[in-house]
Amino acid sequence: MRIPKVGILTVLLILFLSSSLYAQIIFDQVLIAPGINYSLTMIDIPPLTIHTVELDLSSPFIQVETILASDSLMRRETLTSMARRSGATVAINGDFFDPTTGMIVNLMVSNGELVKLPISRGIFAITKDRKPIISMLSVNINIETQYGIIPINNLNTPRGANEPVLFTSRFGSNTLISANALAGVDIELLDFSQALPCPGIITAKIGNIYYGVSSSPIPKSGGILSLGGRALSYLPYLKPGEELRIITRVIPPIDISQAIGGGAILLKDGSIVFNTTGELPLPKEVTDKKNPLTAIGIDSSGKVYLILVDGRNPKSEGMNYLELANYLKSIGIKDALTLDGGGSSQLVIGEKVINNPSDGRERPLPNAIIVKTVRPQGEPKILSLHPRRLTVKEGETYNFSLLLQDIYGNIFPISQEKIVWKLEGLAGYISKDGIFYAQTSGSGKIIAVFNGLTAESEITVVPLQKISKVLEDFENNILLSISGSGFDLNLTKVSISDSKFISGKKSLKLDYSLIRNGPSFIYINLNIPIPKDSRKIGLYVYGDNSGHWLRGLFRDNNGRLWVGNFTSASRGIDWEGWRYLELELSNLEVFVGDRSVKPEYPLELLQVYLVQLKDEKKNQGVIYIDLIQSL
């Protein structure tokens, strides 16, 4: 019997977040449906939990939409409620809003219907041909009568003192005026030929005219044109029974299907543009402090990413806007926009909140982005082990979960007694229930086999010592160079790579080619300051079993040089895959001079370098280095 997908998936995802294990790094990814993948990244220094939903808008099985709370402005509704009543598989919070009235502040277009006009901040939009856009734009509305044109100042917003405002049924049952406005004239616009488009032209018929009113009923299939103060000069253009046209224009011209407003554009064409776009500024407590944050991004292939960073809790401190911009850039996002954050940051999958809202409960929201799915049924063909990548400490345990799906993301039951578990390259034990017991440090894989299908996870076991400070994680494209001798200059290079990593999405990659007839030294120039109270330096190395010696060169506060060993000279890098290495700073040896002197702190890690003195071991190879840290 097939188990309902939503229930099992929700339990699986909550399991990752509620685990008592305080792991160094957890990375996982789950297929939700064709075109939807959810990923989870958890690290403990700094403590961060990052949720990402990747959307491929070309998938015929998904539909991305915007939704209003209770289908009306100035209402609020929990995200789980919006997801449930709309039949959404995924939902994430949307625009900023007035906490008193619940009114959203920026543009909204829902299924082609214009709901709210934009302000001078960024928006996310999907065109009618399913292309995603992050930009700033303007929308104009004109009402065209046979006597003249009425330019509309605002849409679905309480009317001000001297402006013409258009209300549609999306506003609610009745119009409103602002506190500084006086009673005016409301004109019924009946029989809209379609919902107000963005852009487009519709027709309507003038109905009743209400004089001296501050509120009037909004017809369900029409609207109200509200005039006050100087805008009453347009009243002669409007005669009951006559037809008019309502024209909306988007600048620059975009045929919008869905749109939602945001807080600030962080990235444009792969460059950080925060605070340079001329947008209306947000308060510094929103942009400069570490908070829970929600963002939406687009990569170079047109895929859309819903990103939520948890905050204000022990497992995730949150980010500020600039930190988020750097993170999104590091994972390959091209254009990015923040949405509302703080207690509003919420992600729902399968009608359950997946993240940890900072209010301690769901905050009712005014609007959201939802993703609907339509999936056929297939045969179970995909076996996946969760999490996909994990770092634990010696002596800790972790309970792995196995997922059996078809190509459409539907979930099938698994008979626990038929699972065969294996360890590869790991010192430890895994029970028949999928509980891994880590022993000594090292790296390898956990493998599960079920009905001829195989799934695996990458595991790194690190020593028990608590990491105190990350010195370099190679996420921000730092400048790198090499020096030394005994290697081929054309075939040896250092770069930032996204193919293998322990933390984040990048690591340092060294491609090398050693030359015979003489010692080989390849110095990777880093120049990393080390905190004064540090006892050790640790780093992760993805080895190639070459046997090369890996060392560090340091400079103390007096300018004296010191060396230390990350590997022994005799064994060198004698493993394949990731391994955690440490160097005791108390064991450093002076590079040249009196060996009785002691280093003057603080130190600087000038270089990590590769050494090979034996011709028979000279070769071409590749190693990776990630997460340099002090302890």
# chains A, B, ... in the order shown; residues from 1 in each chain; ligands from 1
$ residues_around --residues "Gly302 of chain A" --least-positions-apart "2" --cutoff "8 Å" --atoms "only C-alpha atoms" --output "PyMOL selection string"
chain A and resi 56-57+131-132+298-300+304
$ residues_around --residues "segment 34-43 of chain A" --least-positions-apart "4" --cutoff "9 Å" --atoms "only C-alpha atoms" --output "PDB file with C-alpha atoms, in the first residue's frame"
ATOM      1  CA  LEU A  13      12.233  16.856   7.310  1.00  0.00           C
ATOM      2  CA  PHE A  16      16.465  16.503  10.578  1.00  0.00           C
ATOM      3  CA  LEU A  17      15.687  19.690  12.501  1.00  0.00           C
ATOM      4  CA  TYR A  22      24.766  19.031  17.449  1.00  0.00           C
ATOM      5  CA  ALA A  23      26.574  18.177  14.233  1.00  0.00           C
ATOM      6  CA  GLN A  24      29.295  20.231  12.602  1.00  0.00           C
ATOM      7  CA  ILE A  25      27.706  20.019   9.187  1.00  0.00           C
ATOM      8  CA  ILE A  26      24.519  18.473   7.814  1.00  0.00           C
ATOM      9  CA  PHE A  27      23.566  18.707   4.201  1.00  0.00           C
ATOM     10  CA  ASP A  28      20.529  17.047   2.737  1.00  0.00           C
ATOM     11  CA  GLN A  29      18.362  17.179  -0.332  1.00  0.00           C
ATOM     12  CA  VAL A  30      14.921  15.686  -0.940  1.00  0.00           C
ATOM     13  CA  PRO A  47      25.361  28.274  13.999  1.00  0.00           C
ATOM     14  CA  LEU A  48      23.205  28.380  10.874  1.00  0.00           C
ATOM     15  CA  THR A  49      20.255  26.473   9.493  1.00  0.00           C
ATOM     16  CA  ILE A  50      19.503  27.262   5.853  1.00  0.00           C
ATOM     17  CA  HIS A  51      16.511  25.906   3.933  1.00  0.00           C
ATOM     18  CA  THR A  52      16.417  26.060   0.138  1.00  0.00           C
ATOM     19  CA  VAL A  53      13.692  25.074  -2.304  1.00  0.00           C
ATOM     20  CA  GLU A  54      14.891  24.859  -5.906  1.00  0.00           C
ATOM     21  CA  LEU A  55      12.202  25.363  -8.569  1.00  0.00           C
ATOM     22  CA  ASP A  56      12.483  24.570 -12.254  1.00  0.00           C
ATOM     23  CA  LEU A  57       9.707  26.631 -13.842  1.00  0.00           C
ATOM     24  CA  SER A  58       9.960  24.622 -17.068  1.00  0.00           C
ATOM     25  CA  SER A  59       8.575  21.566 -15.271  1.00  0.00           C
ATOM     26  CA  PRO A  60       5.018  20.817 -16.407  1.00  0.00           C
ATOM     27  CA  PHE A  61       4.295  19.335 -12.965  1.00  0.00           C
ATOM     28  CA  ILE A  62       4.540  22.570 -10.954  1.00  0.00           C
ATOM     29  CA  LYS A 315      21.029  26.355  16.153  1.00  0.00           C
ATOM     30  CA  SER A 316      20.914  29.381  13.857  1.00  0.00           C
ATOM     31  CA  VAL A 371       3.914  26.046  -5.401  1.00  0.00           C
ATOM     32  CA  THR A 373       2.063  20.217  -8.007  1.00  0.00           C
ATOM     33  CA  ARG A 375       1.995  14.396 -10.344  1.00  0.00           C
ATOM     34  CA  PRO A 387      21.076  13.281   5.120  1.00  0.00           C
ATOM     35  CA  ILE A 407      10.472   9.784 -10.558  1.00  0.00           C
ATOM     36  CA  TYR A 408       7.524  12.044  -9.664  1.00  0.00           C
ATOM     37  CA  GLY A 409       8.421  12.260  -5.974  1.00  0.00           C
ATOM     38  CA  SER A 503      31.287  23.657   4.468  1.00  0.00           C
ATOM     39  CA  GLY A 504      29.161  25.950   2.312  1.00  0.00           C
TER      40      GLY A 504
END
$ residues_around --residues "Ser120 of chain A" --least-positions-apart "4" --cutoff "12 Å" --atoms "only C-alpha atoms" --output "number ranges by chain"
A: 105-107, 135-139, 261-265, 277-282
$ select_by_dssp --residues "segment 318-457 of chain A" --states "helix (DSSP H, G or I)" --output "ChimeraX atom specification"
/A:321-330,342-344,416-418
$ residues_around --residues "segment 441-443 of chain A" --least-positions-apart "4" --cutoff "7 Å" --atoms "only C-alpha atoms" --output "PyMOL selection string"
chain A and resi 394+425-426+459-463+577-580
$ select_by_dssp --residues "segment 465-533 of chain A" --states "strand (DSSP E)" --output "JSON list (two decimals) with N, CA and C atoms, in the first residue's frame"
[["chain", "number", "residue", "atom", "x", "y", "z"],
["A", 469, "LYS", "N", 36.81, 28.81, 16.05],
["A", 469, "LYS", "CA", 36.66, 29.91, 15.11],
["A", 469, "LYS", "C", 37.03, 29.45, 13.71],
["A", 470, "VAL", "N", 36.16, 29.74, 12.75],
["A", 470, "VAL", "CA", 36.46, 29.48, 11.34],
["A", 470, "VAL", "C", 37.31, 30.63, 10.81],
["A", 471, "LEU", "N", 38.48, 30.32, 10.29],
["A", 471, "LEU", "CA", 39.38, 31.34, 9.77],
["A", 471, "LEU", "C", 39.19, 31.57, 8.27],
["A", 472, "GLU", "N", 38.90, 30.50, 7.54],
["A", 472, "GLU", "CA", 38.67, 30.65, 6.10],
["A", 472, "GLU", "C", 37.86, 29.45, 5.60],
["A", 481, "SER", "N", 47.20, 32.43, -4.66],
["A", 481, "SER", "CA", 48.37, 32.32, -5.54],
["A", 481, "SER", "C", 49.26, 31.21, -5.01],
["A", 482, "ILE", "N", 50.19, 30.76, -5.85],
["A", 482, "ILE", "CA", 51.14, 29.72, -5.44],
["A", 482, "ILE", "C", 52.55, 30.18, -5.77],
["A", 483, "SER", "N", 53.50, 29.59, -5.07],
["A", 483, "SER", "CA", 54.91, 29.82, -5.32],
["A", 483, "SER", "C", 55.64, 28.53, -4.99],
["A", 484, "GLY", "N", 56.98, 28.52, -5.18],
["A", 484, "GLY", "CA", 57.74, 27.33, -4.86],
["A", 484, "GLY", "C", 58.62, 26.89, -6.01],
["A", 485, "SER", "N", 58.93, 25.59, -6.04],
["A", 485, "SER", "CA", 59.81, 25.05, -7.08],
["A", 485, "SER", "C", 59.54, 23.57, -7.24],
["A", 493, "LYS", "N", 48.07, 24.79, -10.58],
["A", 493, "LYS", "CA", 47.32, 26.01, -10.31],
["A", 493, "LYS", "C", 46.45, 25.82, -9.07],
["A", 494, "VAL", "N", 46.10, 26.94, -8.42],
["A", 494, "VAL", "CA", 45.20, 26.93, -7.28],
["A", 494, "VAL", "C", 43.96, 27.72, -7.64],
["A", 495, "SER", "N", 42.80, 27.23, -7.21],
["A", 495, "SER", "CA", 41.53, 27.87, -7.58],
["A", 495, "SER", "C", 40.48, 27.60, -6.51],
["A", 496, "ILE", "N", 39.35, 28.29, -6.64],
["A", 496, "ILE", "CA", 38.18, 28.01, -5.80],
["A", 496, "ILE", "C", 37.26, 27.10, -6.60],
["A", 497, "SER", "N", 36.85, 26.00, -5.98],
["A", 497, "SER", "CA", 36.07, 24.98, -6.68],
["A", 497, "SER", "C", 34.74, 24.74, -5.98],
["A", 507, "SER", "N", 35.44, 25.15, -2.00],
["A", 507, "SER", "CA", 36.68, 24.81, -1.30],
["A", 507, "SER", "C", 37.86, 25.27, -2.15],
["A", 508, "LEU", "N", 39.06, 25.18, -1.58],
["A", 508, "LEU", "CA", 40.28, 25.45, -2.33],
["A", 508, "LEU", "C", 40.68, 24.19, -3.08],
["A", 509, "LYS", "N", 41.03, 24.35, -4.35],
["A", 509, "LYS", "CA", 41.46, 23.22, -5.18],
["A", 509, "LYS", "C", 42.88, 23.45, -5.65],
["A", 510, "LEU", "N", 43.76, 22.48, -5.44],
["A", 510, "LEU", "CA", 45.12, 22.54, -5.95],
["A", 510, "LEU", "C", 45.33, 21.44, -6.98],
["A", 511, "ASP", "N", 45.47, 21.83, -8.25],
["A", 511, "ASP", "CA", 45.90, 20.93, -9.32],
["A", 511, "ASP", "C", 47.42, 21.03, -9.41],
["A", 512, "TYR", "N", 48.11, 19.91, -9.32],
["A", 512, "TYR", "CA", 49.57, 19.99, -9.31],
["A", 512, "TYR", "C", 50.18, 18.97, -10.27],
["A", 513, "SER", "N", 51.39, 19.27, -10.70],
["A", 513, "SER", "CA", 52.20, 18.36, -11.53],
["A", 513, "SER", "C", 53.64, 18.53, -11.08],
["A", 520, "SER", "N", 60.40, 19.01, -4.55],
["A", 520, "SER", "CA", 59.24, 19.78, -5.02],
["A", 520, "SER", "C", 58.55, 20.43, -3.82],
["A", 521, "PHE", "N", 58.31, 21.74, -3.94],
["A", 521, "PHE", "CA", 57.60, 22.51, -2.92],
["A", 521, "PHE", "C", 56.53, 23.35, -3.61],
["A", 522, "ILE", "N", 55.28, 23.20, -3.20],
["A", 522, "ILE", "CA", 54.21, 24.05, -3.73],
["A", 522, "ILE", "C", 53.59, 24.79, -2.54],
["A", 523, "TYR", "N", 53.81, 26.11, -2.53],
["A", 523, "TYR", "CA", 53.31, 26.95, -1.44],
["A", 523, "TYR", "C", 52.00, 27.61, -1.87],
["A", 524, "ILE", "N", 50.94, 27.37, -1.10],
["A", 524, "ILE", "CA", 49.66, 28.05, -1.33],
["A", 524, "ILE", "C", 49.63, 29.27, -0.41],
["A", 525, "ASN", "N", 49.68, 30.45, -0.99],
["A", 525, "ASN", "CA", 49.78, 31.68, -0.20],
["A", 525, "ASN", "C", 48.41, 32.08, 0.35],
["A", 526, "LEU", "N", 48.29, 32.18, 1.68],
["A", 526, "LEU", "CA", 47.01, 32.42, 2.34],
["A", 526, "LEU", "C", 46.99, 33.69, 3.19],
["A", 527, "ASN", "N", 48.03, 33.88, 4.03],
["A", 527, "ASN", "CA", 48.12, 35.07, 4.90],
["A", 527, "ASN", "C", 46.88, 35.24, 5.79],
["A", 528, "ILE", "N", 46.62, 34.22, 6.62],
["A", 528, "ILE", "CA", 45.44, 34.22, 7.49],
["A", 528, "ILE", "C", 45.85, 34.51, 8.92],
["A", 529, "PRO", "N", 45.37, 35.62, 9.53],
["A", 529, "PRO", "CA", 45.67, 35.89, 10.95],
["A", 529, "PRO", "C", 45.06, 34.82, 11.85]]
$ residues_around --residues "Ala181 of chain A" --least-positions-apart "6" --cutoff "9 Å" --atoms "only C-alpha atoms" --output "compact mmCIF listing (two decimals) with N, CA and C atoms, in the first residue's frame"
# COMPACT_ATOMS: atom_id res chain seq x y z
N ARG A 159 -8.05 55.74 0.28
CA ARG A 159 -7.88 56.96 -0.50
C ARG A 159 -7.35 58.11 0.35
N GLY A 160 -6.42 58.85 -0.24
CA GLY A 160 -5.90 60.05 0.40
C GLY A 160 -6.77 61.25 0.12
N ALA A 161 -6.30 62.44 0.50
CA ALA A 161 -7.13 63.64 0.48
C ALA A 161 -7.49 64.13 -0.92
N ASN A 162 -6.56 64.02 -1.88
CA ASN A 162 -6.76 64.66 -3.18
C ASN A 162 -6.44 63.73 -4.35
N SER A 214 -17.47 58.20 2.88
CA SER A 214 -16.11 57.78 3.24
C SER A 214 -15.93 56.28 3.02
N GLY A 228 -11.54 62.28 -4.23
CA GLY A 228 -11.58 63.19 -3.09
C GLY A 228 -10.81 64.46 -3.38
N GLY A 229 -11.19 65.54 -2.75
CA GLY A 229 -10.46 66.80 -2.89
C GLY A 229 -10.36 67.25 -4.33
$ closest_residue --among "A:Pro531, A:Pro151, A:Gly593, A:Gly444" --to "Glu576 of chain A" --atoms "only C-alpha atoms"
A:Gly444
$ closest_residue --among "A:Ser401, A:Asn517, A:Thr145, A:Asn154" --to "Lys205 of chain A" --atoms "only C-alpha atoms"
A:Thr145
$ residues_around --residues "Pro158 of chain A" --least-positions-apart "6" --cutoff "9 Å" --atoms "only C-alpha atoms" --output "ChimeraX atom specification"
/A:165,167,175-179
$ write_last_selection --atoms "C-alpha atoms" --output "CSV table (one decimal), in the first residue's frame"
chain,number,residue,atom,x,y,z
A,165,VAL,CA,-8.0,55.6,-6.2
A,167,PHE,CA,-10.7,49.7,-5.6
A,175,THR,CA,-13.7,51.1,0.3
A,176,LEU,CA,-11.8,53.2,2.9
A,177,ILE,CA,-10.3,56.6,3.2
A,178,SER,CA,-7.1,57.5,5.1
A,179,ALA,CA,-7.1,59.6,8.3
$ closest_residue --among "A:Ser216, A:Ser271, A:Ser457, A:Asn490" --to "Arg389 of chain A" --atoms "only C-alpha atoms"
A:Ser457
$ atom_distance --atom1 "atom CA of Phe412 of chain A" --atom2 "atom CA of Thr397 of chain A"
26.4 Å
$ closest_residue --among "A:Ile628, A:Ile623, A:Ala336, A:Leu585" --to "Gly538 of chain A" --atoms "only C-alpha atoms"
A:Ile628
$ closest_residue --among "A:Ser233, A:Thr100, A:Ile260, A:Gly518" --to "Pro118 of chain A" --atoms "only C-alpha atoms"
A:Ile260
$ closest_residue --among "A:Gly434, A:Gly621, A:Gly148, A:Pro376" --to "Ile419 of chain A" --atoms "only C-alpha atoms"
A:Gly434
